[in-house]
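Enquirer: Take this structure first; my questions come after.
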Amino acid sequence: MKVYLDNNATTIVDPYVFDEMEPFFVQKYGNPNSLHYVASETHVPLKNAMEKIYAGIHAPKEDSVVITSCATESNNWVLKSIYLEYIITGRKNHIIISEVEHPSIISAARHLEKLGCKVTYLPINHEGIVEAQTVRDYITDKTALVSIMWANNETGAIFPVQEIGDICAEKGVLFHTDAVQAIGKIPVDVQSFNVDYLTMSAHKFHGPKGVGALYMKKGKELTPLLHGGSQMGGYRSGTLNVAGIVGMGKAMEQAVDALDFEMSEIRELRDEFEDELLKIEDTFVVTPREKRTSNTILISFRGIEGESMLWDLNRSAIAASTGSACASEDLESNPVMEAIGAEADLAHTAIRFSLSRYTTKEELDFTLAVVKEAVERLRGISSSYAYAPEGHDSQL
Ligand code: PLP
């Protein structure tokens, strides 16, 4: 059995999405901006796809949704345009993000810091959540932007974007949210709260890779970073990724249709799986379930390096994640665990299981059995783990 539990990294493309995209490679391959029938064949499908994306986030027609190449681009666009419009011009000098934003926000912010922008990296609380009051505490009259993600990719923690949006509106500060891990997992309605910019990425909700979007509220449109032709209303030049956009539209429609299922059945599967995992001695989950997206578990197994656990899982064809920057050869700790201030030996032990609407109970039962075996094996050879006497109750 092959088990894929790394859906916060990327998801399988929904077969209906794939079917919808297929004609746009070999048959309807026109450049939408050309003036002939091959181009015209793309116009209606593009329009329909854009309508589905607007509908999926309840964006009114007058607001803008600009297709990008990925969420990384959307996030960079927001920060860098704010820098160009507000910071470099001297109108403001400060942006606020959290310590647990995706690297596409954190790295962009660090870059802007080198260019003279003041950046505040907000802490999270013991549940892994950025509190709205913390945002209020750090806003000054020089703050141009607050960028706080909606749901965290590691823990699934849902951040209080409603309250943060209200605070930003009250203080006259622009608010961006990275909603990459929210779409398809919780209802997303840009009209239900104060938000100026919102980032999405199709491959996180069973769409294709290489296509994302940035929502911008009317009157809050950003300076383009890619100048060229007049595509996307001039906000982002470059020949349109027709198949990608069509795929993103279909994936959004499917995600909205499947939302109830994700929030009930998948949550139930996740909870049962988590209950069983937590029966293993010395295991810890940071964010309470009711404050998380329905598909995610970040769990620490004391005494076991995350990478060692991954190795054992991988040998049984189970794909999960440690959440750390695995590009490096060093064993790195999970960034959220670090931000919470977990003891060093725990920060290295986090494993992320992220489910999708394709995950089955059989897959989770199999994974549980493999995890239990791996825990026995790895703790048996661990120099840092000593089995505690019965009744011992470890604290995070
Ligand atoms: N933001 C969050 C919260 C993510 O989880 C990810 C992907 O892991 C990204 C942004 C980047 O997405 P993309 O791969 O589309 O650039």
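Ordering of the structure tokens sets the chain letters (A, B, ...); residue numbers start at 1 within each chain; ligands are numbered from 1 in the order shown.
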Name the residues in contact with Ala369 in chain A at a cut-off of 12 Å, using only C-alpha atoms, excluding same-chain residues fewer than 4 positions from it; report them as a JSON list (two decimals) with N, CA, C and O atoms, in the first residue's frame.

Expert:
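Dumped to part.json:
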```json
[["chain", "number", "residue", "atom", "x", "y", "z"],
["A", 273, "PHE", "N", -7.35, 9.02, 13.98],
["A", 273, "PHE", "CA", -5.93, 8.71, 13.78],
["A", 273, "PHE", "C", -5.09, 9.38, 14.88],
["A", 273, "PHE", "O", -4.22, 8.76, 15.50],
["A", 276, "GLU", "N", -5.33, 7.73, 18.27],
["A", 276, "GLU", "CA", -4.49, 6.53, 18.36],
["A", 276, "GLU", "C", -3.01, 6.90, 18.50],
["A", 276, "GLU", "O", -2.29, 6.30, 19.28],
["A", 277, "LEU", "N", -2.59, 7.90, 17.75],
["A", 277, "LEU", "CA", -1.17, 8.33, 17.85],
["A", 277, "LEU", "C", -0.86, 8.81, 19.26],
["A", 277, "LEU", "O", 0.21, 8.53, 19.82],
["A", 280, "ILE", "N", 0.30, 6.59, 22.11],
["A", 280, "ILE", "CA", 1.72, 6.23, 22.21],
["A", 280, "ILE", "C", 2.33, 7.14, 23.28],
["A", 280, "ILE", "O", 2.08, 8.35, 23.28],
["A", 312, "ASP", "N", 11.80, 5.64, 8.34],
["A", 312, "ASP", "CA", 11.06, 4.39, 8.56],
["A", 312, "ASP", "C", 9.72, 4.41, 7.82],
["A", 312, "ASP", "O", 9.31, 3.41, 7.24],
["A", 313, "LEU", "N", 9.06, 5.56, 7.84],
["A", 313, "LEU", "CA", 7.77, 5.66, 7.14],
["A", 313, "LEU", "C", 7.98, 5.47, 5.63],
["A", 313, "LEU", "O", 7.24, 4.75, 4.97],
["A", 316, "SER", "N", 8.21, 2.14, 4.23],
["A", 316, "SER", "CA", 6.92, 1.46, 4.10],
["A", 316, "SER", "C", 6.00, 2.20, 3.12],
["A", 316, "SER", "O", 4.78, 2.03, 3.15],
["A", 318, "ILE", "N", 5.16, 5.33, 2.99],
["A", 318, "ILE", "CA", 4.27, 6.33, 3.58],
["A", 318, "ILE", "C", 4.99, 7.68, 3.48],
["A", 318, "ILE", "O", 6.12, 7.83, 3.97],
["A", 362, "GLU", "N", -8.19, 2.88, 5.78],
["A", 362, "GLU", "CA", -7.23, 1.77, 5.65],
["A", 362, "GLU", "C", -5.80, 2.33, 5.62],
["A", 362, "GLU", "O", -4.90, 1.78, 6.24],
["A", 363, "GLU", "N", -5.62, 3.42, 4.91],
["A", 363, "GLU", "CA", -4.27, 4.02, 4.84],
["A", 363, "GLU", "C", -3.81, 4.49, 6.22],
["A", 363, "GLU", "O", -2.65, 4.33, 6.59],
["A", 364, "LEU", "N", -4.74, 5.05, 6.97],
["A", 364, "LEU", "CA", -4.36, 5.56, 8.30],
["A", 364, "LEU", "C", -4.10, 4.42, 9.27],
["A", 364, "LEU", "O", -3.19, 4.49, 10.10],
["A", 365, "ASP", "N", -4.89, 3.34, 9.15],
["A", 365, "ASP", "CA", -4.64, 2.17, 10.01],
["A", 365, "ASP", "C", -3.26, 1.60, 9.73],
["A", 365, "ASP", "O", -2.51, 1.26, 10.65],
["A", 373, "GLU", "N", 5.54, 0.65, 15.23],
["A", 373, "GLU", "CA", 6.76, -0.15, 15.08],
["A", 373, "GLU", "C", 8.00, 0.74, 15.06],
["A", 373, "GLU", "O", 9.01, 0.44, 15.69],
["A", 374, "ALA", "N", 7.89, 1.84, 14.33],
["A", 374, "ALA", "CA", 9.03, 2.76, 14.21],
["A", 374, "ALA", "C", 9.38, 3.36, 15.57],
["A", 374, "ALA", "O", 10.56, 3.50, 15.93],
["A", 375, "VAL", "N", 8.35, 3.70, 16.35],
["A", 375, "VAL", "CA", 8.59, 4.28, 17.67],
["A", 375, "VAL", "C", 9.36, 3.29, 18.55],
["A", 375, "VAL", "O", 10.35, 3.62, 19.18],
["A", 376, "GLU", "N", 8.90, 2.05, 18.54],
["A", 376, "GLU", "CA", 9.58, 0.99, 19.32],
["A", 376, "GLU", "C", 11.04, 0.89, 18.91],
["A", 376, "GLU", "O", 11.96, 0.91, 19.73]]
```

Enquirer: Can you list, as a list of chain:residue names, every protein, DNA or RNA residue that comes within 10 Å of Tyr138 in chain A when you count only C-alpha atoms, leaving out same-chain residues fewer than 6 positions away?

Expert: A:Ile95, A:Ile96, A:Thr120, A:Tyr121, A:Leu122, A:Val146

Enquirer: If you keep all heavy atoms, can you produce a file of those selected residues as a JSON list (two decimals), in the first residue's frame?

Expert:
```
[["chain", "number", "residue", "atom", "x", "y", "z"],
["A", 95, "ILE", "N", 6.63, 46.96, 8.31],
["A", 95, "ILE", "CA", 5.63, 45.92, 8.04],
["A", 95, "ILE", "C", 5.66, 44.89, 9.18],
["A", 95, "ILE", "O", 6.67, 44.73, 9.85],
["A", 95, "ILE", "CB", 5.81, 45.23, 6.67],
["A", 95, "ILE", "CG1", 7.14, 44.51, 6.58],
["A", 95, "ILE", "CG2", 5.66, 46.18, 5.52],
["A", 95, "ILE", "CD1", 7.27, 43.72, 5.29],
["A", 96, "ILE", "N", 4.52, 44.24, 9.36],
["A", 96, "ILE", "CA", 4.40, 43.24, 10.43],
["A", 96, "ILE", "C", 4.05, 41.90, 9.80],
["A", 96, "ILE", "O", 3.12, 41.80, 8.98],
["A", 96, "ILE", "CB", 3.27, 43.64, 11.41],
["A", 96, "ILE", "CG1", 3.63, 44.94, 12.14],
["A", 96, "ILE", "CG2", 2.98, 42.52, 12.40],
["A", 96, "ILE", "CD1", 2.55, 45.45, 13.08],
["A", 120, "THR", "N", 8.58, 43.65, 11.87],
["A", 120, "THR", "CA", 8.32, 42.99, 13.16],
["A", 120, "THR", "C", 7.85, 41.57, 12.87],
["A", 120, "THR", "O", 6.95, 41.37, 12.04],
["A", 120, "THR", "CB", 7.22, 43.74, 13.94],
["A", 120, "THR", "OG1", 7.67, 45.08, 14.16],
["A", 120, "THR", "CG2", 6.93, 43.07, 15.27],
["A", 121, "TYR", "N", 8.49, 40.61, 13.54],
["A", 121, "TYR", "CA", 8.13, 39.19, 13.39],
["A", 121, "TYR", "C", 7.34, 38.80, 14.64],
["A", 121, "TYR", "O", 7.92, 38.59, 15.70],
["A", 121, "TYR", "CB", 9.39, 38.33, 13.26],
["A", 121, "TYR", "CG", 10.26, 38.70, 12.07],
["A", 121, "TYR", "CD1", 11.20, 39.73, 12.16],
["A", 121, "TYR", "CD2", 10.13, 38.04, 10.85],
["A", 121, "TYR", "CE1", 11.99, 40.08, 11.07],
["A", 121, "TYR", "CE2", 10.92, 38.39, 9.75],
["A", 121, "TYR", "CZ", 11.84, 39.41, 9.88],
["A", 121, "TYR", "OH", 12.62, 39.75, 8.79],
["A", 122, "LEU", "N", 6.04, 38.74, 14.54],
["A", 122, "LEU", "CA", 5.21, 38.51, 15.73],
["A", 122, "LEU", "C", 5.35, 37.09, 16.26],
["A", 122, "LEU", "O", 5.39, 36.13, 15.49],
["A", 122, "LEU", "CB", 3.74, 38.75, 15.42],
["A", 122, "LEU", "CG", 3.33, 40.17, 15.05],
["A", 122, "LEU", "CD1", 1.81, 40.21, 14.84],
["A", 122, "LEU", "CD2", 3.74, 41.15, 16.13],
["A", 146, "VAL", "N", 0.24, 44.61, 7.35],
["A", 146, "VAL", "CA", 0.28, 43.43, 8.22],
["A", 146, "VAL", "C", 0.04, 42.24, 7.32],
["A", 146, "VAL", "O", -0.91, 42.22, 6.53],
["A", 146, "VAL", "CB", -0.81, 43.50, 9.31],
["A", 146, "VAL", "CG1", -0.94, 42.16, 10.03],
["A", 146, "VAL", "CG2", -0.50, 44.62, 10.31]]
```

Enquirer: Would you kindly return, as a short mmCIF file (atom, residue, chain, number, x, y, z; two decimals) with all heavy atoms, in the first residue's frame, each protein, DNA or RNA residue with an atom no farther than 8 Å from any atom of Leu378 in chain A, considering only C-alpha atoms and excluding same-chain residues fewer than 5 positions away?

Expert:
```cif
data_model
loop_
_atom_site.label_atom_id
_atom_site.label_comp_id
_atom_site.auth_asym_id
_atom_site.auth_seq_id
_atom_site.Cartn_x
_atom_site.Cartn_y
_atom_site.Cartn_z
N ILE A 304 12.76 10.80 19.34
CA ILE A 304 12.91 10.32 17.96
C ILE A 304 13.11 11.50 17.01
O ILE A 304 12.24 12.36 16.89
CB ILE A 304 11.66 9.52 17.51
CG1 ILE A 304 11.48 8.31 18.43
CG2 ILE A 304 11.80 9.09 16.05
CD1 ILE A 304 10.23 7.51 18.14
N SER A 308 14.47 10.50 11.25
CA SER A 308 14.56 9.03 11.40
C SER A 308 13.18 8.41 11.23
O SER A 308 13.02 7.37 10.58
CB SER A 308 15.08 8.65 12.79
OG SER A 308 16.25 9.37 13.08
N MET A 309 12.19 9.06 11.81
CA MET A 309 10.82 8.56 11.67
C MET A 309 10.41 8.58 10.19
O MET A 309 9.83 7.62 9.68
CB MET A 309 9.87 9.43 12.51
CG MET A 309 8.42 9.14 12.31
SD MET A 309 7.95 7.49 12.87
CE MET A 309 7.55 7.81 14.57
#
```

Enquirer: So that I can check the secondary structure, give me every residue of range 156-263 of chain A assigned strand (DSSP E) by backbone DSSP, as an MDAnalysis selection string.

Expert: chainID A and resid 174:178 197:201 212:216

Enquirer: Have a look at CA of Lys204 in chain A and CA of Val190 in chain A and let me know their distance in Å, one decimal.

Expert: 18.7 Å

Enquirer: Could you give me the residues within 8 Å of ligand 1, counting only C-alpha atoms and all ligand atoms, as number ranges by chain?

Expert: A: 8-10, 69-73, 75, 101-105, 149, 151-154, 178-181, 199-204, 209-212

Enquirer: With only C-alpha atoms as the atoms that count, which of A:Ala339, A:Met252, A:Leu226, A:Ala386 lies nearest to Gly303 in chain A?

Expert: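 Among the listed residues, the smallest separation from Gly303 in chain A belongs to A:Ala386.
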
Enquirer: Just the residues within 9 Å of Asn48 in chain A, please, counting only C-alpha atoms, with nothing from its chain fewer than 5 positions along; format it as a list in words.

Expert: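 Residues near the query, excluding close chain neighbours: His43, Ile53, Val246 and Gly249 of chain A.
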
Enquirer: If we count only C-alpha atoms and set the cut-off at 10 Å, which residues sit around Leu225 in chain A, ignoring sequence neighbours fewer than 6 positions away in its own chain? Please answer as a list in words.

Expert: Glu73, Asn76, Trp77, Val78, Lys80, Ser81, Leu84, Tyr235, Arg236 and Ser237 of chain A

Enquirer: With N, CA, C and O atoms retained, could you export that selection as a PDB file, in the first residue's frame?

Expert:
```
ATOM      1  N   GLU A  73       5.092  33.701  -5.552  1.00  0.00           N
ATOM      2  CA  GLU A  73       5.073  34.946  -6.321  1.00  0.00           C
ATOM      3  C   GLU A  73       4.053  35.930  -5.739  1.00  0.00           C
ATOM      4  O   GLU A  73       4.351  37.124  -5.574  1.00  0.00           O
ATOM      5  N   ASN A  76       5.477  37.421  -2.520  1.00  0.00           N
ATOM      6  CA  ASN A  76       6.564  38.364  -2.826  1.00  0.00           C
ATOM      7  C   ASN A  76       6.026  39.644  -3.426  1.00  0.00           C
ATOM      8  O   ASN A  76       6.516  40.737  -3.143  1.00  0.00           O
ATOM      9  N   TRP A  77       5.028  39.495  -4.267  1.00  0.00           N
ATOM     10  CA  TRP A  77       4.447  40.663  -4.933  1.00  0.00           C
ATOM     11  C   TRP A  77       3.909  41.652  -3.898  1.00  0.00           C
ATOM     12  O   TRP A  77       4.181  42.856  -3.953  1.00  0.00           O
ATOM     13  N   VAL A  78       3.157  41.117  -2.942  1.00  0.00           N
ATOM     14  CA  VAL A  78       2.554  42.012  -1.946  1.00  0.00           C
ATOM     15  C   VAL A  78       3.653  42.766  -1.189  1.00  0.00           C
ATOM     16  O   VAL A  78       3.656  44.003  -1.125  1.00  0.00           O
ATOM     17  N   LYS A  80       6.858  43.272  -1.805  1.00  0.00           N
ATOM     18  CA  LYS A  80       7.760  44.130  -2.579  1.00  0.00           C
ATOM     19  C   LYS A  80       7.026  45.351  -3.147  1.00  0.00           C
ATOM     20  O   LYS A  80       7.608  46.439  -3.237  1.00  0.00           O
ATOM     21  N   SER A  81       5.777  45.165  -3.509  1.00  0.00           N
ATOM     22  CA  SER A  81       5.035  46.343  -3.999  1.00  0.00           C
ATOM     23  C   SER A  81       4.756  47.325  -2.873  1.00  0.00           C
ATOM     24  O   SER A  81       4.791  48.545  -3.078  1.00  0.00           O
ATOM     25  N   LEU A  84       7.761  49.266  -2.506  1.00  0.00           N
ATOM     26  CA  LEU A  84       7.933  50.280  -3.562  1.00  0.00           C
ATOM     27  C   LEU A  84       6.973  51.455  -3.395  1.00  0.00           C
ATOM     28  O   LEU A  84       7.315  52.597  -3.650  1.00  0.00           O
ATOM     29  N   TYR A 235      -1.786  44.011 -14.612  1.00  0.00           N
ATOM     30  CA  TYR A 235      -1.202  43.790 -13.274  1.00  0.00           C
ATOM     31  C   TYR A 235      -0.087  42.754 -13.275  1.00  0.00           C
ATOM     32  O   TYR A 235       0.758  42.725 -12.384  1.00  0.00           O
ATOM     33  N   ARG A 236      -0.134  41.848 -14.267  1.00  0.00           N
ATOM     34  CA  ARG A 236       0.948  40.862 -14.356  1.00  0.00           C
ATOM     35  C   ARG A 236       1.081  40.437 -15.816  1.00  0.00           C
ATOM     36  O   ARG A 236       0.211  39.765 -16.366  1.00  0.00           O
ATOM     37  N   SER A 237       2.193  40.823 -16.393  1.00  0.00           N
ATOM     38  CA  SER A 237       2.400  40.490 -17.795  1.00  0.00           C
ATOM     39  C   SER A 237       2.951  39.083 -17.932  1.00  0.00           C
ATOM     40  O   SER A 237       3.466  38.507 -16.986  1.00  0.00           O
TER      41      SER A 237
END
```
